[in-house]
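Visitor: Here's a structure for you.
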Amino acid sequence: MLRSRTFQVVVPALLVLILLPLGVNGYILGLLTLAYYYAVFAMSWDLLFGFAGEVNFGPSFLIGIGAYTAALLNHYWSWPIPPCLVAGAFAAVVAGAVLAIPALRLTGPYFGLITLVAVLLLQNVLVLFAGITGGEIGLDLPDVLSIDASTNYYYALAFMTVSGAILYGLAQSPVGLILQASGQDAIEAAALGFNVAKHKLAAFCMSAFFSGLAGAMLIFYLGTASVGTVVDIGVGVNVIIAAVLGGRRTILGAAVGSIFLIGAGEILRPLGQLSTFVVSAIALVVILFFPGGFMGRLLQSGGRE
Amino acid sequence: MTALLDVKGLTKRFGGLVAVKDIGFKIEAGEILGLIGPNGSGKSTVMKCIMGIEKPNAGSVKLDGIDVAGWPTHRIARAGVGIVFQHARPLQRQTILEHIKLALLPDNLLMLATDHGVTRRAEEIAARVGLSQVMHRLPRTLPFADLRRLELAKAIARNPKVVLVDEPFAGLTSGEVADFSALIGSFRAEGHAVLLVDHNVKSVAALVDRVLAMYLGEYVAEGSAEEVMRNETVRRVYLGGKIETAARPEREGKDRTPLLDVRGLGVLYGKATALDDVSIHVGEGEFVSVVGLNGAGKTTLFNAISALVPYSGTINWRGETLAGRTPGSIARGGIVQCPESRELFGDMSVRENLDLGGQHFPVAEAAKQLDWLFGLFPILKARQGQAARTLSGGEQQMLAIARALMMRPKLLILDEPTLGLAPVILEQLSKALEVLRQTTDITVLLGEQNVTFALPHADRVYVIEHSRIIWEGDPARFAEEAGAGYL
């Protein structure tokens with residue numbers, strides 16, 4: 001019942017998004033393109049937080065590794081885009097696993113702290129080796145996905161739809177159920193015969209894969225890779241706010257939250273510096289009073305029927 | 001023929017504390033063993049060692065001939081051990097049926113879809129434990145007993161060779177107890193080996209084939225339920241060898257408003273009833289003991305008085321209601337609780353812990369109080385500079401009591417001060433309480449499961465069982481009237 005209900009909402013919404021380039025100008029399309037990449041960041045993050053119960057304070061570590069791996073390969077060795085994307089996603093998974101294997105042994109807030117430190121380290125390394133990485137200014141890329149706004153928009157939409165479908169399907173599958181049980185009560189999950197560490201690590205790798213891939217896609221859309229767009233703590237904070245705003249443990253909510261966050265930031269742009277403040281205030285109110293987020297409320301009322 | 005579960009020489013230490021010492025037993029297929037012991041006796045640790053939640057320091061746990069001691073929990077579970085936890089923490093967004101399906105899944109990362117066989121099997125199990133009617137509902141819409149049924153269903157789904165059940169009947173009504181007994185009995189009929197862990201023999205006597213009793217981590221007795229109940233050591237552990245009582249004559253002021261008056265108190269933990277229509281009163285200067293096993297509701301009663309849990313009913317302090325007051329204001333008003341968990345500041349010194357208790361008083365007064373306390377507990381004077389964490393269990397308990405006394409309470413609430421303490425320490429503690437009682441006009445409300453400790457000082461005794469007060473009277477009559485029901 002719930003699944004078909006979700007389906008009924010998602011399919012018309014996607015149709016609207018597909019038809020959007022017919023009636024909207026390039027500027028808005030560009031904004032939405034950015035929002036769709038953020039949506040993948042946020043959905044990957046929700047798989048880890050909402051399901052495996054682990055708070056990753058450094059989503060931009062995984063995003064940044066994916067983005068910079070792709071950027072360096074493209075800039076210095078002129079690899080074409082597709083192998084750069086694959087290498088970026090793969091590098092994010094490897095870096096994620098290297099980070100997660102020791103970190104998942106720790107309990108409580110320590111996992112989160114390690115992920116936070118990882119971002120700071122990555123940021124420092126990128127700035128220190130500015131000669132190679134372009135540092136704060138960034139690394140410009142010879143190749144871009146496309147120069148046409150509509151084409152870029154469709155790339156991003158297709159990427160978000162496919163990633164979302166995979167992540168959502170995974171979350172709804174038996175593996176997602178095991179993951180949720182592991183996140184909520186690791187001892188009980190282990191007593192039911194599930195190797196909690198294995199499942200959490202798999203979730204982390206899955207999250208890293210999509211974060212890294214989306215990071216790599218994003219820089220080929222922007223045409224440049226810079227610390228401010230893919231590594232900065234602020235990027236990670238936005239991803240987290242988007243996911244929580246949209247609704248923890250829903251996957252789809254994370255996408256809704258991202259589009260809202262980027263959309264609201266734009267609508268409020270006339271307020272100047274105040275716009276960030278207003279968006280943060282909205283996020284705070286939603287988190288305080290509706291901890292389930294946008295989608296959380298929607299799905300909850302569905303469950304009650 | 002080898003036993004399905006064969007535990008030998010099991011030992012578990014936590015730092016310097018030996019929680020389990022050289023415990024061994026066997027359970028054959030189709031047999032139910034009851035593992036009993038008072039709070040802190042190490043029975044839960046034995047269960048955790050079997051399940052791999054704790055790693056034993058020594059000993060073997062043979063499952064159908066294979067030693068699984070020290071294996072990680074999920075491998076032991078795969079090898080055929082299942083556990084029914086006392087506290088269920090179900091997933092919120094999944095239905096009952098999905099929870100049962102979860103227990104049926106293999107430990108495989110590539111399980112992306114389940115076949116119909118799994119659903120059908122889950123439905124059969126739901127029917128068996130009596131959850132058919134509610135299997136499509138979410139856990140939070142179900143009563144407590146159904147959540148316990150769900151835990152049983154998960155154990156059944158795993159079809160383990162050995163089933164461990166932690167306090168099978170806690171929080172259940174007598175009707176539900178009968179249902180659960182039948183379900184656990186069906187494990188035996190199907191040839192599983194079952195280990196029931198509980199506080200006393202009485203609650204599991206009808207179900208078990210054999211009982212093993214533990215106390216302070218050590219083996220005490222083993223045999224049929226009747227044999228264990230007749231065992232001298234067991235009787236001494238639960239009832240005390242010879243109960244000494246020393247009720248003082250009724251204090252004056254008996255007819256005045258009692259200092260503390262609790263009426264019709266009810267507390268719910270989620271869906272479980274923790275206290276049901278409990279009424280007690282404590283007169284000025286009186287020493288009242290509330291006696292009951294772990295889980296009976298003692299701590300809940302004290303927490304309600306200190307406003308740490310929401311309750312229904314009324315609690316009056318010196319004739320005025322405590323409703324709406326914060327825990328801090330109640331403590332400043334003179335009701336000081338010394339909790340079971342002691343809540344010491346482990347990294348602070350003994351002296352600093354005590355000084356914190358005396359914060360509200362002028363320096364001179366606090367110093368006087370401190371002197372008096374060092375007289376009451378001389379050992380604390382010697383240990384002044386030591387970090388509280390490094391004290392022995394008994395010394396920590398004394399410090400906790402001393403810190404509570406630093407606040408000069410009108411009413412001192414002591415929650416299980418004897419928990420996990422060796423008999424020799426009990427004696428010291430007992431002496432200190434007696435001095436306190438004879439030399440000051442302090443009012444004490446003591447919660448205990450150790451009757452030997454609780455009775456000698458008490459002027460009046462309440463017995464609490466399954467969330468209700470079942471007996472009230474003077475300690476001299478306890479042994480003959482309430483003692484038998486306490487084993």
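Naming scheme: A, B, ... for chains in displayed order of the structure tokens; residues 1 onward per chain; ligands 1 onward as shown.
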I'd like a table as a Markdown table: residues in chain A with an atom no more than 12 Å from chain B, each row giving the shortest atom pair and its distance in Å to one decimal, only C-alpha atoms counted, sorted by chain and rising residue number.
Guide:
```
| residue | atom | partner | partner_atom | distance |
| --- | --- | --- | --- | --- |
| A:Met1 | CA | B:His136 | CA | 11.4 |
| A:Leu2 | CA | B:Arg93 | CA | 11.1 |
| A:Gly50 | CA | B:Arg93 | CA | 11.8 |
| A:Phe51 | CA | B:Leu91 | CA | 10.8 |
| A:Ile166 | CA | B:Leu112 | CA | 10.9 |
| A:Leu167 | CA | B:Leu112 | CA | 11.7 |
| A:Tyr168 | CA | B:Leu112 | CA | 11.6 |
| A:Gly169 | CA | B:Leu112 | CA | 8.3 |
| A:Leu170 | CA | B:Leu112 | CA | 7.0 |
| A:Ala171 | CA | B:Leu112 | CA | 9.5 |
| A:Gln172 | CA | B:Leu112 | CA | 8.6 |
| A:Ser173 | CA | B:Leu112 | CA | 5.0 |
| A:Pro174 | CA | B:Leu112 | CA | 5.8 |
| A:Val175 | CA | B:Met111 | CA | 5.8 |
| A:Gly176 | CA | B:Leu112 | CA | 8.6 |
| A:Leu177 | CA | B:Leu102 | CA | 6.7 |
| A:Ile178 | CA | B:Leu102 | CA | 6.7 |
| A:Leu179 | CA | B:Leu109 | CA | 9.8 |
| A:Gln180 | CA | B:Leu91 | CA | 7.6 |
| A:Ala181 | CA | B:Leu91 | CA | 6.9 |
| A:Ser182 | CA | B:Leu91 | CA | 10.3 |
| A:Gly183 | CA | B:Leu91 | CA | 9.9 |
| A:Gln184 | CA | B:Leu91 | CA | 7.4 |
| A:Asp185 | CA | B:Arg89 | CA | 7.5 |
| A:Ala186 | CA | B:Thr73 | CA | 10.2 |
| A:Ile187 | CA | B:Ile53 | CA | 7.2 |
| A:Glu188 | CA | B:Phe85 | CA | 8.1 |
| A:Ala189 | CA | B:His74 | CA | 7.9 |
| A:Ala190 | CA | B:His74 | CA | 4.5 |
| A:Ala191 | CA | B:Ala77 | CA | 5.5 |
| A:Leu192 | CA | B:Ala77 | CA | 6.1 |
| A:Gly193 | CA | B:His74 | CA | 4.1 |
| A:Phe194 | CA | B:Asp107 | CA | 5.2 |
| A:Asn195 | CA | B:His74 | CA | 5.6 |
| A:Val196 | CA | B:His74 | CA | 8.0 |
| A:Ala197 | CA | B:His74 | CA | 10.2 |
| A:Lys198 | CA | B:Leu109 | CA | 8.4 |
| A:His199 | CA | B:Leu109 | CA | 6.9 |
| A:Lys200 | CA | B:Leu109 | CA | 10.3 |
| A:Leu201 | CA | B:Leu109 | CA | 10.6 |
| A:Ala202 | CA | B:Leu109 | CA | 7.7 |
| A:Ala203 | CA | B:Leu109 | CA | 9.7 |
| A:Met206 | CA | B:Leu109 | CA | 11.5 |
| A:Arg248 | CA | B:Arg93 | CA | 11.8 |
| A:Arg249 | CA | B:Arg93 | CA | 9.4 |
| A:Thr250 | CA | B:Arg93 | CA | 10.4 |
| A:Gly292 | CA | B:Arg93 | CA | 11.8 |
| A:Gly296 | CA | B:Arg93 | CA | 10.4 |
| A:Leu299 | CA | B:Arg93 | CA | 9.4 |
| A:Gln300 | CA | B:Arg93 | CA | 8.4 |
| A:Ser301 | CA | B:Arg93 | CA | 11.6 |
| A:Gly302 | CA | B:Arg93 | CA | 11.0 |
| A:Gly303 | CA | B:Arg93 | CA | 8.1 |
| A:Arg304 | CA | B:Leu138 | CA | 8.8 |
| A:Glu305 | CA | B:Arg137 | CA | 10.5 |
```
Visitor: Can you work out the spacing between atom CA of A:Gly64 and atom CA of A:Val230 in Å, to one decimal?
Guide: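 Atom CA of A:Val230 lies at a distance of 5.2 Å from atom CA of A:Gly64.
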Visitor: Using only C-alpha atoms, which residues sit within 12 Å of B:Phe374 once same-chain residues fewer than 3 positions away are excluded, as a ChimeraX atom specification?
Guide: /B:350-351,354,367-371,377-384,398-399,401-403,405-406,432
Visitor: Output C-alpha atoms of each residue in that selection to a file, as a PDB file, in the first residue's frame.
Guide:
```
ATOM      1  CA  VAL B 350      36.122  11.543  47.881  1.00  0.00           C
ATOM      2  CA  ARG B 351      36.420  14.943  49.536  1.00  0.00           C
ATOM      3  CA  LEU B 354      31.315  15.282  49.735  1.00  0.00           C
ATOM      4  CA  ALA B 367      32.810  21.414  57.895  1.00  0.00           C
ATOM      5  CA  LYS B 368      30.864  20.337  60.985  1.00  0.00           C
ATOM      6  CA  GLN B 369      28.692  18.035  58.917  1.00  0.00           C
ATOM      7  CA  LEU B 370      31.800  16.597  57.272  1.00  0.00           C
ATOM      8  CA  ASP B 371      33.386  15.867  60.647  1.00  0.00           C
ATOM      9  CA  PHE B 377      32.308   6.341  58.041  1.00  0.00           C
ATOM     10  CA  PRO B 378      35.943   6.458  59.238  1.00  0.00           C
ATOM     11  CA  ILE B 379      37.155   4.752  56.062  1.00  0.00           C
ATOM     12  CA  LEU B 380      36.137   7.796  54.010  1.00  0.00           C
ATOM     13  CA  LYS B 381      38.379  10.022  56.097  1.00  0.00           C
ATOM     14  CA  ALA B 382      41.340   7.808  55.224  1.00  0.00           C
ATOM     15  CA  ARG B 383      40.396   7.866  51.532  1.00  0.00           C
ATOM     16  CA  GLN B 384      39.738  11.622  51.246  1.00  0.00           C
ATOM     17  CA  MET B 398      29.321   4.585  51.845  1.00  0.00           C
ATOM     18  CA  LEU B 399      30.448   7.662  49.949  1.00  0.00           C
ATOM     19  CA  ILE B 401      25.258   7.680  51.430  1.00  0.00           C
ATOM     20  CA  ALA B 402      27.619  10.188  53.037  1.00  0.00           C
ATOM     21  CA  ARG B 403      27.187  12.599  50.157  1.00  0.00           C
ATOM     22  CA  LEU B 405      23.742  12.991  54.235  1.00  0.00           C
ATOM     23  CA  MET B 406      25.879  16.082  53.574  1.00  0.00           C
ATOM     24  CA  ALA B 432      26.634   2.640  60.114  1.00  0.00           C
TER      25      ALA B 432
END
```
Visitor: In Å to one decimal, how far is atom CA of B:Val204 from atom CA of B:Pro168?
Guide: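 We find that atom CA of B:Pro168 and atom CA of B:Val204 lie 8.7 Å from each other.
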Visitor: Pick out the residues sitting within 8 Å of B:Ala272, and hand them over as a PDB file with N, CA and C atoms, in the first residue's frame; count only C-alpha atoms, and ignore anything fewer than 2 positions along from it in its own chain.
Guide:
```
ATOM      1  N   PHE B 144       2.024  -3.993  25.620  1.00  0.00           N
ATOM      2  CA  PHE B 144       3.303  -4.537  26.043  1.00  0.00           C
ATOM      3  C   PHE B 144       3.420  -6.047  25.816  1.00  0.00           C
ATOM      4  N   GLY B 171       6.597  -7.980  34.004  1.00  0.00           N
ATOM      5  CA  GLY B 171       5.635  -7.024  33.487  1.00  0.00           C
ATOM      6  C   GLY B 171       4.378  -7.621  32.874  1.00  0.00           C
ATOM      7  N   LEU B 268       3.445   4.208  34.515  1.00  0.00           N
ATOM      8  CA  LEU B 268       3.525   3.361  33.317  1.00  0.00           C
ATOM      9  C   LEU B 268       4.847   3.634  32.614  1.00  0.00           C
ATOM     10  N   TYR B 269       5.553   2.579  32.195  1.00  0.00           N
ATOM     11  CA  TYR B 269       6.706   2.754  31.316  1.00  0.00           C
ATOM     12  C   TYR B 269       6.257   2.346  29.933  1.00  0.00           C
ATOM     13  N   GLY B 270       5.939   3.318  29.115  1.00  0.00           N
ATOM     14  CA  GLY B 270       5.381   2.971  27.816  1.00  0.00           C
ATOM     15  C   GLY B 270       4.099   2.222  28.090  1.00  0.00           C
ATOM     16  N   ALA B 274       4.474  -0.196  35.801  1.00  0.00           N
ATOM     17  CA  ALA B 274       5.609  -0.293  36.712  1.00  0.00           C
ATOM     18  C   ALA B 274       5.153  -0.171  38.155  1.00  0.00           C
TER      19      ALA B 274
END
```
